[in-house]
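Chemist: Enclosed is the structure file my_file_29.tsv (TSV, C-alpha atoms and all ligand atoms).
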```tsv
chain	number	residue	atom	x	y	z
A	838	MET	CA	-8.72	-97.97	95.91
A	839	THR	CA	-6.64	-96.98	98.88
A	840	ARG	CA	-3.66	-94.82	98.02
A	841	GLY	CA	-0.50	-96.28	99.56
A	842	ILE	CA	2.49	-93.99	99.93
A	843	PHE	CA	5.95	-95.02	101.05
A	844	VAL	CA	8.01	-92.20	102.53
A	845	THR	CA	11.72	-92.78	102.17
A	846	GLY	CA	14.62	-90.43	102.76
A	847	THR	CA	18.14	-89.62	101.73
A	848	ASP	CA	19.27	-90.83	105.16
A	849	THR	CA	18.12	-91.29	108.72
A	850	GLY	CA	17.27	-88.05	110.55
A	851	VAL	CA	16.27	-86.13	107.40
A	852	GLY	CA	12.63	-85.44	108.32
A	853	LYS	CA	10.76	-88.54	107.10
A	854	THR	CA	8.59	-88.72	110.21
A	855	TRP	CA	7.59	-85.05	110.23
A	856	VAL	CA	6.98	-85.00	106.50
A	857	SER	CA	4.93	-88.23	106.80
A	858	ALA	CA	2.74	-86.66	109.48
A	859	GLY	CA	2.48	-83.45	107.41
A	860	LEU	CA	1.49	-85.48	104.36
A	861	MET	CA	-1.19	-87.26	106.40
A	862	VAL	CA	-2.69	-83.93	107.44
A	863	ALA	CA	-2.42	-82.53	103.88
A	864	LEU	CA	-4.36	-85.56	102.57
A	865	GLN	CA	-6.92	-85.21	105.37
A	866	ARG	CA	-7.47	-81.60	104.30
A	867	GLN	CA	-8.54	-83.01	100.94
A	868	GLY	CA	-11.21	-85.00	102.71
A	869	MET	CA	-9.41	-88.33	102.88
A	870	ARG	CA	-9.34	-90.75	105.81
A	871	VAL	CA	-5.64	-91.32	106.37
A	872	LEU	CA	-3.66	-93.72	108.54
A	873	GLY	CA	0.08	-93.88	109.15
A	874	MET	CA	2.34	-96.89	109.49
A	875	LYS	CA	5.87	-97.37	110.77
A	876	PRO	CA	6.38	-101.05	109.96
A	877	VAL	CA	9.84	-101.34	111.50
A	878	ALA	CA	11.17	-99.14	114.27
A	879	ALA	CA	14.44	-99.47	116.12
A	880	GLY	CA	15.14	-97.27	119.14
A	881	CYS	CA	11.96	-97.93	121.10
A	882	GLU	CA	11.24	-97.22	124.73
A	883	GLN	CA	9.91	-99.81	127.13
A	884	THR	CA	6.53	-98.72	128.51
A	885	PRO	CA	3.88	-100.56	130.55
A	886	ASP	CA	2.11	-101.28	127.21
A	887	GLY	CA	5.25	-102.64	125.54
A	888	LEU	CA	7.93	-101.15	123.30
A	889	ARG	CA	6.94	-97.80	121.85
A	890	ASN	CA	8.63	-95.67	119.16
A	891	GLU	CA	8.19	-91.91	118.91
A	892	ASP	CA	7.83	-91.94	115.09
A	893	ALA	CA	5.05	-94.53	115.24
A	894	LEU	CA	3.33	-92.63	118.08
A	895	LEU	CA	3.35	-89.40	116.04
A	896	LEU	CA	1.84	-91.20	113.04
A	897	GLN	CA	-0.74	-92.92	115.28
A	898	GLN	CA	-1.66	-89.55	116.79
A	899	HIS	CA	-2.33	-88.05	113.35
A	900	GLY	CA	-4.47	-90.89	112.04
A	901	SER	CA	-8.05	-90.13	111.01
A	902	LEU	CA	-9.29	-92.95	113.23
A	903	PRO	CA	-8.00	-94.83	116.26
A	904	MET	CA	-5.83	-97.83	115.46
A	905	ASP	CA	-3.95	-100.30	117.67
A	906	TYR	CA	-0.31	-99.47	118.09
A	907	THR	CA	0.83	-102.96	117.05
A	908	VAL	CA	-0.96	-102.64	113.69
A	909	ILE	CA	0.85	-99.36	113.02
A	910	ASN	CA	4.20	-100.65	114.25
A	911	PRO	CA	4.40	-104.46	114.03
A	912	TYR	CA	8.17	-104.57	114.55
A	913	ALA	CA	9.46	-102.52	117.48
A	914	PHE	CA	13.02	-102.97	118.70
A	915	GLY	CA	14.76	-101.47	121.71
A	916	PRO	CA	18.28	-100.93	120.39
A	917	ALA	CA	18.72	-97.97	118.03
A	918	VAL	CA	20.66	-99.94	115.42
A	919	ALA	CA	19.96	-101.09	111.83
A	920	PRO	CA	16.67	-103.05	111.75
A	921	HIS	CA	18.09	-106.43	110.68
A	922	LEU	CA	20.75	-106.18	113.40
A	923	ALA	CA	18.20	-105.10	116.01
A	924	ALA	CA	16.01	-108.05	115.01
A	925	ALA	CA	18.92	-110.50	115.23
A	926	GLN	CA	19.92	-109.10	118.62
A	927	THR	CA	16.43	-109.78	119.97
A	928	GLY	CA	16.16	-113.22	118.31
A	929	MET	CA	13.58	-112.07	115.77
A	930	HIS	CA	13.28	-112.15	112.00
A	931	ILE	CA	11.45	-109.44	110.04
A	932	GLU	CA	8.81	-110.99	107.76
A	933	LEU	CA	7.35	-108.93	104.91
A	934	GLU	CA	4.17	-111.02	105.01
A	935	ARG	CA	3.45	-110.05	108.60
A	936	ILE	CA	3.87	-106.37	107.68
A	937	ALA	CA	1.62	-106.89	104.64
A	938	ARG	CA	-1.16	-108.32	106.82
A	939	HIS	CA	-1.07	-105.28	109.10
A	940	TYR	CA	-0.92	-102.96	106.11
A	941	GLN	CA	-4.09	-104.56	104.74
A	942	THR	CA	-5.88	-103.81	108.01
A	943	LEU	CA	-4.94	-100.14	107.67
A	944	ALA	CA	-5.72	-99.98	103.94
A	945	ALA	CA	-9.16	-101.48	104.53
A	946	ALA	CA	-10.01	-98.68	106.97
A	947	ALA	CA	-8.58	-95.67	105.12
A	948	ASP	CA	-8.49	-93.84	101.78
A	949	ALA	CA	-4.74	-93.40	102.09
A	950	VAL	CA	-1.97	-95.03	104.11
A	951	VAL	CA	1.35	-93.27	104.64
A	952	VAL	CA	4.13	-95.77	105.38
A	953	GLU	CA	7.36	-94.41	106.83
A	954	GLY	CA	10.49	-96.41	106.11
A	955	ALA	CA	13.41	-96.70	108.50
A	956	GLY	CA	16.65	-95.03	107.39
A	957	GLY	CA	16.98	-94.92	103.61
A	958	TRP	CA	15.77	-96.87	100.57
A	959	LEU	CA	18.12	-99.86	100.77
A	960	VAL	CA	18.19	-100.43	104.52
A	961	PRO	CA	18.17	-104.22	105.04
A	962	LEU	CA	15.24	-105.85	106.83
A	963	ASN	CA	16.66	-109.36	106.93
A	964	GLU	CA	19.38	-111.33	105.13
A	965	ARG	CA	17.53	-111.13	101.78
A	966	GLU	CA	15.17	-108.16	101.78
A	967	SER	CA	15.30	-104.40	102.18
A	968	MET	CA	12.96	-101.44	102.62
A	969	ALA	CA	12.74	-101.34	98.81
A	970	ASP	CA	11.32	-104.88	98.81
A	971	LEU	CA	8.75	-103.82	101.37
A	972	ALA	CA	7.59	-100.88	99.22
A	973	ILE	CA	7.31	-103.26	96.25
A	974	ARG	CA	5.51	-105.97	98.25
A	975	LEU	CA	2.92	-103.42	99.42
A	976	ASP	CA	2.73	-101.89	95.94
A	977	LEU	CA	3.34	-98.36	97.21
A	978	GLU	CA	4.16	-95.18	95.35
A	979	VAL	CA	7.25	-93.48	96.76
A	980	ILE	CA	7.90	-89.98	98.08
A	981	LEU	CA	11.52	-89.07	98.78
A	982	VAL	CA	12.40	-86.69	101.61
A	983	VAL	CA	15.65	-84.89	100.95
A	984	GLY	CA	17.28	-83.49	104.06
A	985	LEU	CA	18.97	-80.32	102.85
A	986	ARG	CA	22.57	-80.50	103.96
A	987	LEU	CA	25.94	-80.79	102.31
A	988	GLY	CA	25.98	-83.99	100.25
A	989	CYS	CA	22.22	-84.07	99.72
A	990	ILE	CA	22.35	-83.63	95.93
A	991	ASN	CA	24.30	-86.86	95.51
A	992	HIS	CA	22.13	-88.73	98.03
A	993	ALA	CA	18.93	-87.49	96.40
A	994	LEU	CA	20.00	-88.49	92.89
A	995	LEU	CA	21.35	-91.88	94.01
A	996	THR	CA	18.13	-92.67	95.84
A	997	ALA	CA	15.92	-91.55	92.95
A	998	GLU	CA	17.92	-93.75	90.57
A	999	ALA	CA	17.64	-96.73	92.93
A	1000	ILE	CA	13.86	-96.24	93.27
A	1001	ARG	CA	13.44	-96.21	89.52
A	1002	ALA	CA	15.77	-99.19	89.09
A	1003	ARG	CA	13.30	-101.23	91.14
A	1004	GLY	CA	10.42	-100.14	88.92
A	1005	CYS	CA	8.70	-98.08	91.60
A	1006	LYS	CA	6.77	-94.89	90.95
A	1007	LEU	CA	8.58	-91.89	92.39
A	1008	THR	CA	5.60	-89.58	92.91
A	1009	GLY	CA	7.75	-86.70	94.00
A	1010	TRP	CA	10.26	-85.38	96.48
A	1011	VAL	CA	10.15	-82.99	99.41
A	1012	ALA	CA	13.00	-80.64	100.28
A	1013	ASN	CA	13.36	-80.36	104.06
A	1014	THR	CA	15.49	-77.60	105.55
A	1015	LEU	CA	17.57	-79.16	108.33
A	1016	ASP	CA	20.03	-76.35	108.78
A	1017	LEU	CA	19.27	-72.65	108.45
A	1018	ARG	CA	22.90	-71.81	107.93
A	1019	MET	CA	23.40	-74.11	104.97
A	1020	SER	CA	24.90	-72.05	102.21
A	1021	LYS	CA	23.38	-71.93	98.73
A	1022	LEU	CA	20.11	-73.51	99.88
A	1023	PRO	CA	17.98	-72.45	96.86
A	1024	GLN	CA	20.76	-73.44	94.48
A	1025	ASN	CA	20.90	-76.89	96.06
A	1026	ILE	CA	17.15	-77.34	95.63
A	1027	LEU	CA	17.36	-76.16	92.03
A	1028	SER	CA	20.29	-78.47	91.32
A	1029	ILE	CA	18.21	-81.48	92.42
A	1030	GLN	CA	15.13	-80.24	90.58
A	1031	GLN	CA	17.08	-79.98	87.33
A	1032	ARG	CA	18.37	-83.54	87.60
A	1033	ILE	CA	15.62	-85.61	89.21
A	1034	ASP	CA	12.77	-87.00	87.12
A	1035	ALA	CA	10.02	-86.29	89.68
A	1036	PRO	CA	8.17	-83.17	90.84
A	1037	LEU	CA	9.09	-81.16	93.91
A	1038	LEU	CA	6.05	-81.50	96.19
A	1039	GLY	CA	7.13	-78.94	98.74
A	1040	VAL	CA	9.92	-77.06	100.49
A	1041	ILE	CA	9.70	-77.29	104.27
A	1042	PRO	CA	11.35	-74.36	106.04
A	1043	TYR	CA	13.46	-74.80	109.14
A	1044	GLN	CA	11.22	-74.64	112.23
A	1045	GLU	CA	12.41	-74.26	115.80
A	1046	GLY	CA	9.31	-75.97	117.17
A	1047	LEU	CA	8.18	-78.48	114.57
A	1048	CYS	CA	4.48	-78.16	113.73
A	1049	VAL	CA	2.73	-80.82	111.65
A	1050	GLU	CA	-0.01	-78.41	110.48
A	1051	ALA	CA	2.59	-75.94	109.19
A	1052	ILE	CA	4.41	-78.74	107.34
A	1053	ALA	CA	1.10	-79.92	105.84
A	1054	ALA	CA	0.53	-76.44	104.40
A	1055	GLN	CA	3.80	-76.70	102.46
A	1056	ILE	CA	3.12	-80.08	100.82
A	1057	ASN	CA	1.18	-80.67	97.63
A	1058	PRO	CA	-0.12	-84.24	97.95
A	1059	CYS	CA	-2.30	-84.24	94.82
A	1060	LEU	CA	0.15	-85.81	92.41
B	1	LIG	N1	12.05	-78.62	108.99
B	1	LIG	C1	12.74	-78.85	110.11
B	1	LIG	N2	13.08	-77.83	110.91
B	1	LIG	C2	13.79	-78.05	112.03
B	1	LIG	N3	14.21	-79.24	112.45
B	1	LIG	C3	13.91	-80.31	111.70
B	1	LIG	C4	13.15	-80.18	110.50
B	1	LIG	N4	12.98	-81.41	109.98
B	1	LIG	C5	13.59	-82.25	110.82
B	1	LIG	N5	14.16	-81.60	111.85
B	1	LIG	C6	14.95	-82.18	112.94
B	1	LIG	O1	15.44	-83.42	112.54
B	1	LIG	C7	14.99	-84.43	113.42
B	1	LIG	C8	14.75	-85.68	112.61
B	1	LIG	O2	13.54	-85.58	111.90
B	1	LIG	P1	12.70	-86.89	111.64
B	1	LIG	O3	11.45	-86.52	110.93
B	1	LIG	O4	12.54	-87.67	112.89
B	1	LIG	O5	13.71	-87.67	110.65
B	1	LIG	P2	13.66	-89.19	110.13
B	1	LIG	O6	12.27	-89.69	110.32
B	1	LIG	O7	14.10	-89.11	108.71
B	1	LIG	O8	14.67	-89.94	110.96
B	1	LIG	C9	13.76	-83.86	114.10
B	1	LIG	O9	13.51	-84.40	115.34
B	1	LIG	C10	14.13	-82.41	114.20
B	1	LIG	O10	14.96	-82.23	115.31
B	2	MG	MG	11.53	-91.26	111.41
```
In C-alpha cells, how does this file's structure come out?
Ligand SMILES: Nc1ncnc2c1ncn2[C@@H]1O[C@H](COP(=O)(O)OP(=O)(O)O)[C@@H](O)[C@H]1O
Ligand SMILES: [Mg+2]
Modeler:
Amino acid sequence: MTRGIFVTGTDTGVGKTWVSAGLMVALQRQGMRVLGMKPVAAGCEQTPDGLRNEDALLLQQHGSLPMDYTVINPYAFGPAVAPHLAAAQTGMHIELERIARHYQTLAAAADAVVVEGAGGWLVPLNERESMADLAIRLDLEVILVVGLRLGCINHALLTAEAIRARGCKLTGWVANTLDLRMSKLPQNILSIQQRIDAPLLGVIPYQEGLCVEAIAAQINPCL
C-alpha cells in the first residue's frame, strides 16, 4: 500500500515545503518511489504554461518520476491570500473530491506520496471544509513541522491536540530552525518533546542556502 503523508505546520512560512522535499529524498534513499503534492497553492505566478507555484515546482522537481504539474497542484491561485478567499476571488470552489482523484493518480504511481498543506492544520478550503478534512479524506498520516521561533511551543501543542482530536495519526514532528539567534533553542525543542505525544523525527539546522539533500539527512522517515 502506498504510504500517504500529510505535512502540516505550526504556521505558514515555517519550513513545510523544504521539509516535505527533504522527506521525499529521505524516503527515496530507502528505495521508495516518492511523489509530492501541493493540492492547494495561493501565490502563484502566471507563466506561459499557466499558474505556477514555487512550492509545487520544488515538490515536482524532487519526484521519483515525471508527473504533470496539474496533478501535483490541482488548485493554483494567483493572489497570496487564504485559499478559500483566493478561490472565491477567482470564482472557484475547492472540491476535496477533485483533489482525491489527483491524489489517486499519484498514489497509483508511487510507494509514498508527500502532501504539503497550505498554512496550518485548520486553514479553510471552502465554507465547510479545512486542510484537516483533506488529510482525513485522503486517509493520510500527519507530520508536523514546527518552525522554531518565539511562540512555537504553544502552536506546536495546539496543533498536535487538534490533529489528535480529528482522529488522525500524528507520526511525528520536525523541529526547523528558522532563526539562528533564537534564545534557548534546545530548551524549546525539549519543552515540546516533553509535552507532545509523538516522536521527534529530526532537527533541521538553520541553513543560509537551503539544500534538500542536507535536510533529508536530518530526517528519520521510518516511523
Ligand atoms: N532550516 C532553515 N534554514 C534557513 N531558512 C529556512 C529554513 N527553513 C525555512 N527557511 C526559510 O523560511 C522560508 C519558508 O520556508 P517554507 O518551507 O517555504 O515554509 P512553508 O512551506 O511552511 O510556508 C524559506 O524560503 C526560507 O527562507
Ligand atoms: Mg510551503
Chemist: So, with all atoms listed in the file as the atoms that count, which of A:Ser901, A:Thr847, A:Thr1008, A:Ser1020 lies closest to ligand MG 2 (chain B)?
Modeler: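 For ligand MG 2 (chain B), the nearest of the given residues is A:Thr847.
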Chemist: What does the list of residues within 7 Å of ligand MG 2 (chain B) look like if you count only C-alpha atoms and all ligand atoms, written as a list in words?
Modeler: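 The neighbouring residues of ligand MG 2 (chain B) are, in order, Gly850, Gly852, Lys853, Thr854, Asp892, Glu953 and Ala955 of chain A.
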Chemist: Around ligand LIG 1 (chain B), out to 8 Å and counting only C-alpha atoms and all ligand atoms, which residues are there? I want them as a PyMOL selection string.
Modeler: chain A and resi 845-846+848-857+892+953+955-956+982+984+1013-1016+1041-1047+1052
Chemist: Keeping C-alpha atoms for every residue in the selection just given, could you write it to a file as a PDB file, in the coordinates of the input?
Modeler:
```pdb
ATOM      1  CA  THR A 845      11.720 -92.780 102.170  1.00  0.00           C
ATOM      2  CA  GLY A 846      14.620 -90.430 102.760  1.00  0.00           C
ATOM      3  CA  ASP A 848      19.270 -90.830 105.160  1.00  0.00           C
ATOM      4  CA  THR A 849      18.120 -91.290 108.720  1.00  0.00           C
ATOM      5  CA  GLY A 850      17.270 -88.050 110.550  1.00  0.00           C
ATOM      6  CA  VAL A 851      16.270 -86.130 107.400  1.00  0.00           C
ATOM      7  CA  GLY A 852      12.630 -85.440 108.320  1.00  0.00           C
ATOM      8  CA  LYS A 853      10.760 -88.540 107.100  1.00  0.00           C
ATOM      9  CA  THR A 854       8.590 -88.720 110.210  1.00  0.00           C
ATOM     10  CA  TRP A 855       7.590 -85.050 110.230  1.00  0.00           C
ATOM     11  CA  VAL A 856       6.980 -85.000 106.500  1.00  0.00           C
ATOM     12  CA  SER A 857       4.930 -88.230 106.800  1.00  0.00           C
ATOM     13  CA  ASP A 892       7.830 -91.940 115.090  1.00  0.00           C
ATOM     14  CA  GLU A 953       7.360 -94.410 106.830  1.00  0.00           C
ATOM     15  CA  ALA A 955      13.410 -96.700 108.500  1.00  0.00           C
ATOM     16  CA  GLY A 956      16.650 -95.030 107.390  1.00  0.00           C
ATOM     17  CA  VAL A 982      12.400 -86.690 101.610  1.00  0.00           C
ATOM     18  CA  GLY A 984      17.280 -83.490 104.060  1.00  0.00           C
ATOM     19  CA  ASN A1013      13.360 -80.360 104.060  1.00  0.00           C
ATOM     20  CA  THR A1014      15.490 -77.600 105.550  1.00  0.00           C
ATOM     21  CA  LEU A1015      17.570 -79.160 108.330  1.00  0.00           C
ATOM     22  CA  ASP A1016      20.030 -76.350 108.780  1.00  0.00           C
ATOM     23  CA  ILE A1041       9.700 -77.290 104.270  1.00  0.00           C
ATOM     24  CA  PRO A1042      11.350 -74.360 106.040  1.00  0.00           C
ATOM     25  CA  TYR A1043      13.460 -74.800 109.140  1.00  0.00           C
ATOM     26  CA  GLN A1044      11.220 -74.640 112.230  1.00  0.00           C
ATOM     27  CA  GLU A1045      12.410 -74.260 115.800  1.00  0.00           C
ATOM     28  CA  GLY A1046       9.310 -75.970 117.170  1.00  0.00           C
ATOM     29  CA  LEU A1047       8.180 -78.480 114.570  1.00  0.00           C
ATOM     30  CA  ILE A1052       4.410 -78.740 107.340  1.00  0.00           C
TER      31      ILE A1052
END
```
Chemist: With 12 Å as the threshold, what does the neighbourhood of (1.4, -106.8, 106.2) contain in terms of residues, counting all atoms listed in the file? Coordinates are those of the file; answer as a VMD selection string.
Modeler: chain A and resid 874 to 877 907 to 912 931 to 945 952 971 to 972 974 to 976
Chemist: Any chance you can output those residues with C-alpha atoms as a PDB file, in the coordinates of the input?
Modeler:
```
ATOM      1  CA  MET A 874       2.340 -96.890 109.490  1.00  0.00           C
ATOM      2  CA  LYS A 875       5.870 -97.370 110.770  1.00  0.00           C
ATOM      3  CA  PRO A 876       6.380-101.050 109.960  1.00  0.00           C
ATOM      4  CA  VAL A 877       9.840-101.340 111.500  1.00  0.00           C
ATOM      5  CA  THR A 907       0.830-102.960 117.050  1.00  0.00           C
ATOM      6  CA  VAL A 908      -0.960-102.640 113.690  1.00  0.00           C
ATOM      7  CA  ILE A 909       0.850 -99.360 113.020  1.00  0.00           C
ATOM      8  CA  ASN A 910       4.200-100.650 114.250  1.00  0.00           C
ATOM      9  CA  PRO A 911       4.400-104.460 114.030  1.00  0.00           C
ATOM     10  CA  TYR A 912       8.170-104.570 114.550  1.00  0.00           C
ATOM     11  CA  ILE A 931      11.450-109.440 110.040  1.00  0.00           C
ATOM     12  CA  GLU A 932       8.810-110.990 107.760  1.00  0.00           C
ATOM     13  CA  LEU A 933       7.350-108.930 104.910  1.00  0.00           C
ATOM     14  CA  GLU A 934       4.170-111.020 105.010  1.00  0.00           C
ATOM     15  CA  ARG A 935       3.450-110.050 108.600  1.00  0.00           C
ATOM     16  CA  ILE A 936       3.870-106.370 107.680  1.00  0.00           C
ATOM     17  CA  ALA A 937       1.620-106.890 104.640  1.00  0.00           C
ATOM     18  CA  ARG A 938      -1.160-108.320 106.820  1.00  0.00           C
ATOM     19  CA  HIS A 939      -1.070-105.280 109.100  1.00  0.00           C
ATOM     20  CA  TYR A 940      -0.920-102.960 106.110  1.00  0.00           C
ATOM     21  CA  GLN A 941      -4.090-104.560 104.740  1.00  0.00           C
ATOM     22  CA  THR A 942      -5.880-103.810 108.010  1.00  0.00           C
ATOM     23  CA  LEU A 943      -4.940-100.140 107.670  1.00  0.00           C
ATOM     24  CA  ALA A 944      -5.720 -99.980 103.940  1.00  0.00           C
ATOM     25  CA  ALA A 945      -9.160-101.480 104.530  1.00  0.00           C
ATOM     26  CA  VAL A 952       4.130 -95.770 105.380  1.00  0.00           C
ATOM     27  CA  LEU A 971       8.750-103.820 101.370  1.00  0.00           C
ATOM     28  CA  ALA A 972       7.590-100.880  99.220  1.00  0.00           C
ATOM     29  CA  ARG A 974       5.510-105.970  98.250  1.00  0.00           C
ATOM     30  CA  LEU A 975       2.920-103.420  99.420  1.00  0.00           C
ATOM     31  CA  ASP A 976       2.730-101.890  95.940  1.00  0.00           C
TER      32      ASP A 976
END
```
Chemist: How many Å lie between CA of Pro885 in chain A and CA of Pro903 in chain A, rounded to one decimal?
Modeler: 19.4 Å
Chemist: Take CA of Asp970 in chain A and CA of Phe914 in chain A and report the distance between them in Å, one decimal.
Modeler: 20.1 Å
Chemist: Could you name the residues that touch Ala913 in chain A at 7 Å or less, counting all atoms listed in the file, but leaving out those on the same chain fewer than 3 positions away, as a VMD selection string?
Modeler: chain A and resid 877 to 879 881 888 to 889 910
Chemist: Output C-alpha atoms for every residue in that selection, as a PDB file, keeping the file's coordinate frame.
Modeler:
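Written output follows (result-v4.pdb):
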```pdb
ATOM      1  CA  VAL A 877       9.840-101.340 111.500  1.00  0.00           C
ATOM      2  CA  ALA A 878      11.170 -99.140 114.270  1.00  0.00           C
ATOM      3  CA  ALA A 879      14.440 -99.470 116.120  1.00  0.00           C
ATOM      4  CA  CYS A 881      11.960 -97.930 121.100  1.00  0.00           C
ATOM      5  CA  LEU A 888       7.930-101.150 123.300  1.00  0.00           C
ATOM      6  CA  ARG A 889       6.940 -97.800 121.850  1.00  0.00           C
ATOM      7  CA  ASN A 910       4.200-100.650 114.250  1.00  0.00           C
TER       8      ASN A 910
END
```
Chemist: Could you pull range 1022-1034 of chain A out of the structure I just pasted and write it to a file containing N, CA and C atoms, as a PDB file, in the first residue's frame?
Modeler:
```pdb
ATOM      1  N   LEU A1022      17.152  27.698  22.244  1.00  0.00           N
ATOM      2  CA  LEU A1022      16.694  26.798  21.177  1.00  0.00           C
ATOM      3  C   LEU A1022      16.541  25.349  21.660  1.00  0.00           C
ATOM      4  N   PRO A1023      17.604  24.745  22.256  1.00  0.00           N
ATOM      5  CA  PRO A1023      17.457  23.344  22.700  1.00  0.00           C
ATOM      6  C   PRO A1023      16.388  23.183  23.766  1.00  0.00           C
ATOM      7  N   GLN A1024      16.257  24.185  24.620  1.00  0.00           N
ATOM      8  CA  GLN A1024      15.245  24.102  25.684  1.00  0.00           C
ATOM      9  C   GLN A1024      13.835  24.157  25.094  1.00  0.00           C
ATOM     10  N   ASN A1025      13.681  24.922  24.002  1.00  0.00           N
ATOM     11  CA  ASN A1025      12.374  24.972  23.340  1.00  0.00           C
ATOM     12  C   ASN A1025      12.030  23.615  22.742  1.00  0.00           C
ATOM     13  N   ILE A1026      13.017  22.998  22.091  1.00  0.00           N
ATOM     14  CA  ILE A1026      12.786  21.686  21.478  1.00  0.00           C
ATOM     15  C   ILE A1026      12.417  20.672  22.565  1.00  0.00           C
ATOM     16  N   LEU A1027      13.179  20.707  23.654  1.00  0.00           N
ATOM     17  CA  LEU A1027      12.932  19.771  24.754  1.00  0.00           C
ATOM     18  C   LEU A1027      11.550  20.003  25.372  1.00  0.00           C
ATOM     19  N   SER A1028      11.167  21.256  25.481  1.00  0.00           N
ATOM     20  CA  SER A1028       9.863  21.575  26.082  1.00  0.00           C
ATOM     21  C   SER A1028       8.721  20.983  25.258  1.00  0.00           C
ATOM     22  N   ILE A1029       8.875  20.996  23.920  1.00  0.00           N
ATOM     23  CA  ILE A1029       7.839  20.397  23.063  1.00  0.00           C
ATOM     24  C   ILE A1029       7.900  18.874  23.207  1.00  0.00           C
ATOM     25  N   GLN A1030       9.119  18.355  23.129  1.00  0.00           N
ATOM     26  CA  GLN A1030       9.314  16.898  23.222  1.00  0.00           C
ATOM     27  C   GLN A1030       8.663  16.304  24.479  1.00  0.00           C
ATOM     28  N   GLN A1031       8.778  17.052  25.574  1.00  0.00           N
ATOM     29  CA  GLN A1031       8.251  16.539  26.851  1.00  0.00           C
ATOM     30  C   GLN A1031       6.730  16.574  26.920  1.00  0.00           C
ATOM     31  N   ARG A1032       6.124  17.340  25.998  1.00  0.00           N
ATOM     32  CA  ARG A1032       4.670  17.545  26.104  1.00  0.00           C
ATOM     33  C   ARG A1032       3.856  17.008  24.941  1.00  0.00           C
ATOM     34  N   ILE A1033       4.525  16.628  23.860  1.00  0.00           N
ATOM     35  CA  ILE A1033       3.822  16.186  22.659  1.00  0.00           C
ATOM     36  C   ILE A1033       3.886  14.663  22.611  1.00  0.00           C
ATOM     37  N   ASP A1034       2.758  14.051  22.208  1.00  0.00           N
ATOM     38  CA  ASP A1034       2.710  12.584  22.224  1.00  0.00           C
ATOM     39  C   ASP A1034       3.057  12.045  20.819  1.00  0.00           C
TER      40      ASP A1034
END
```
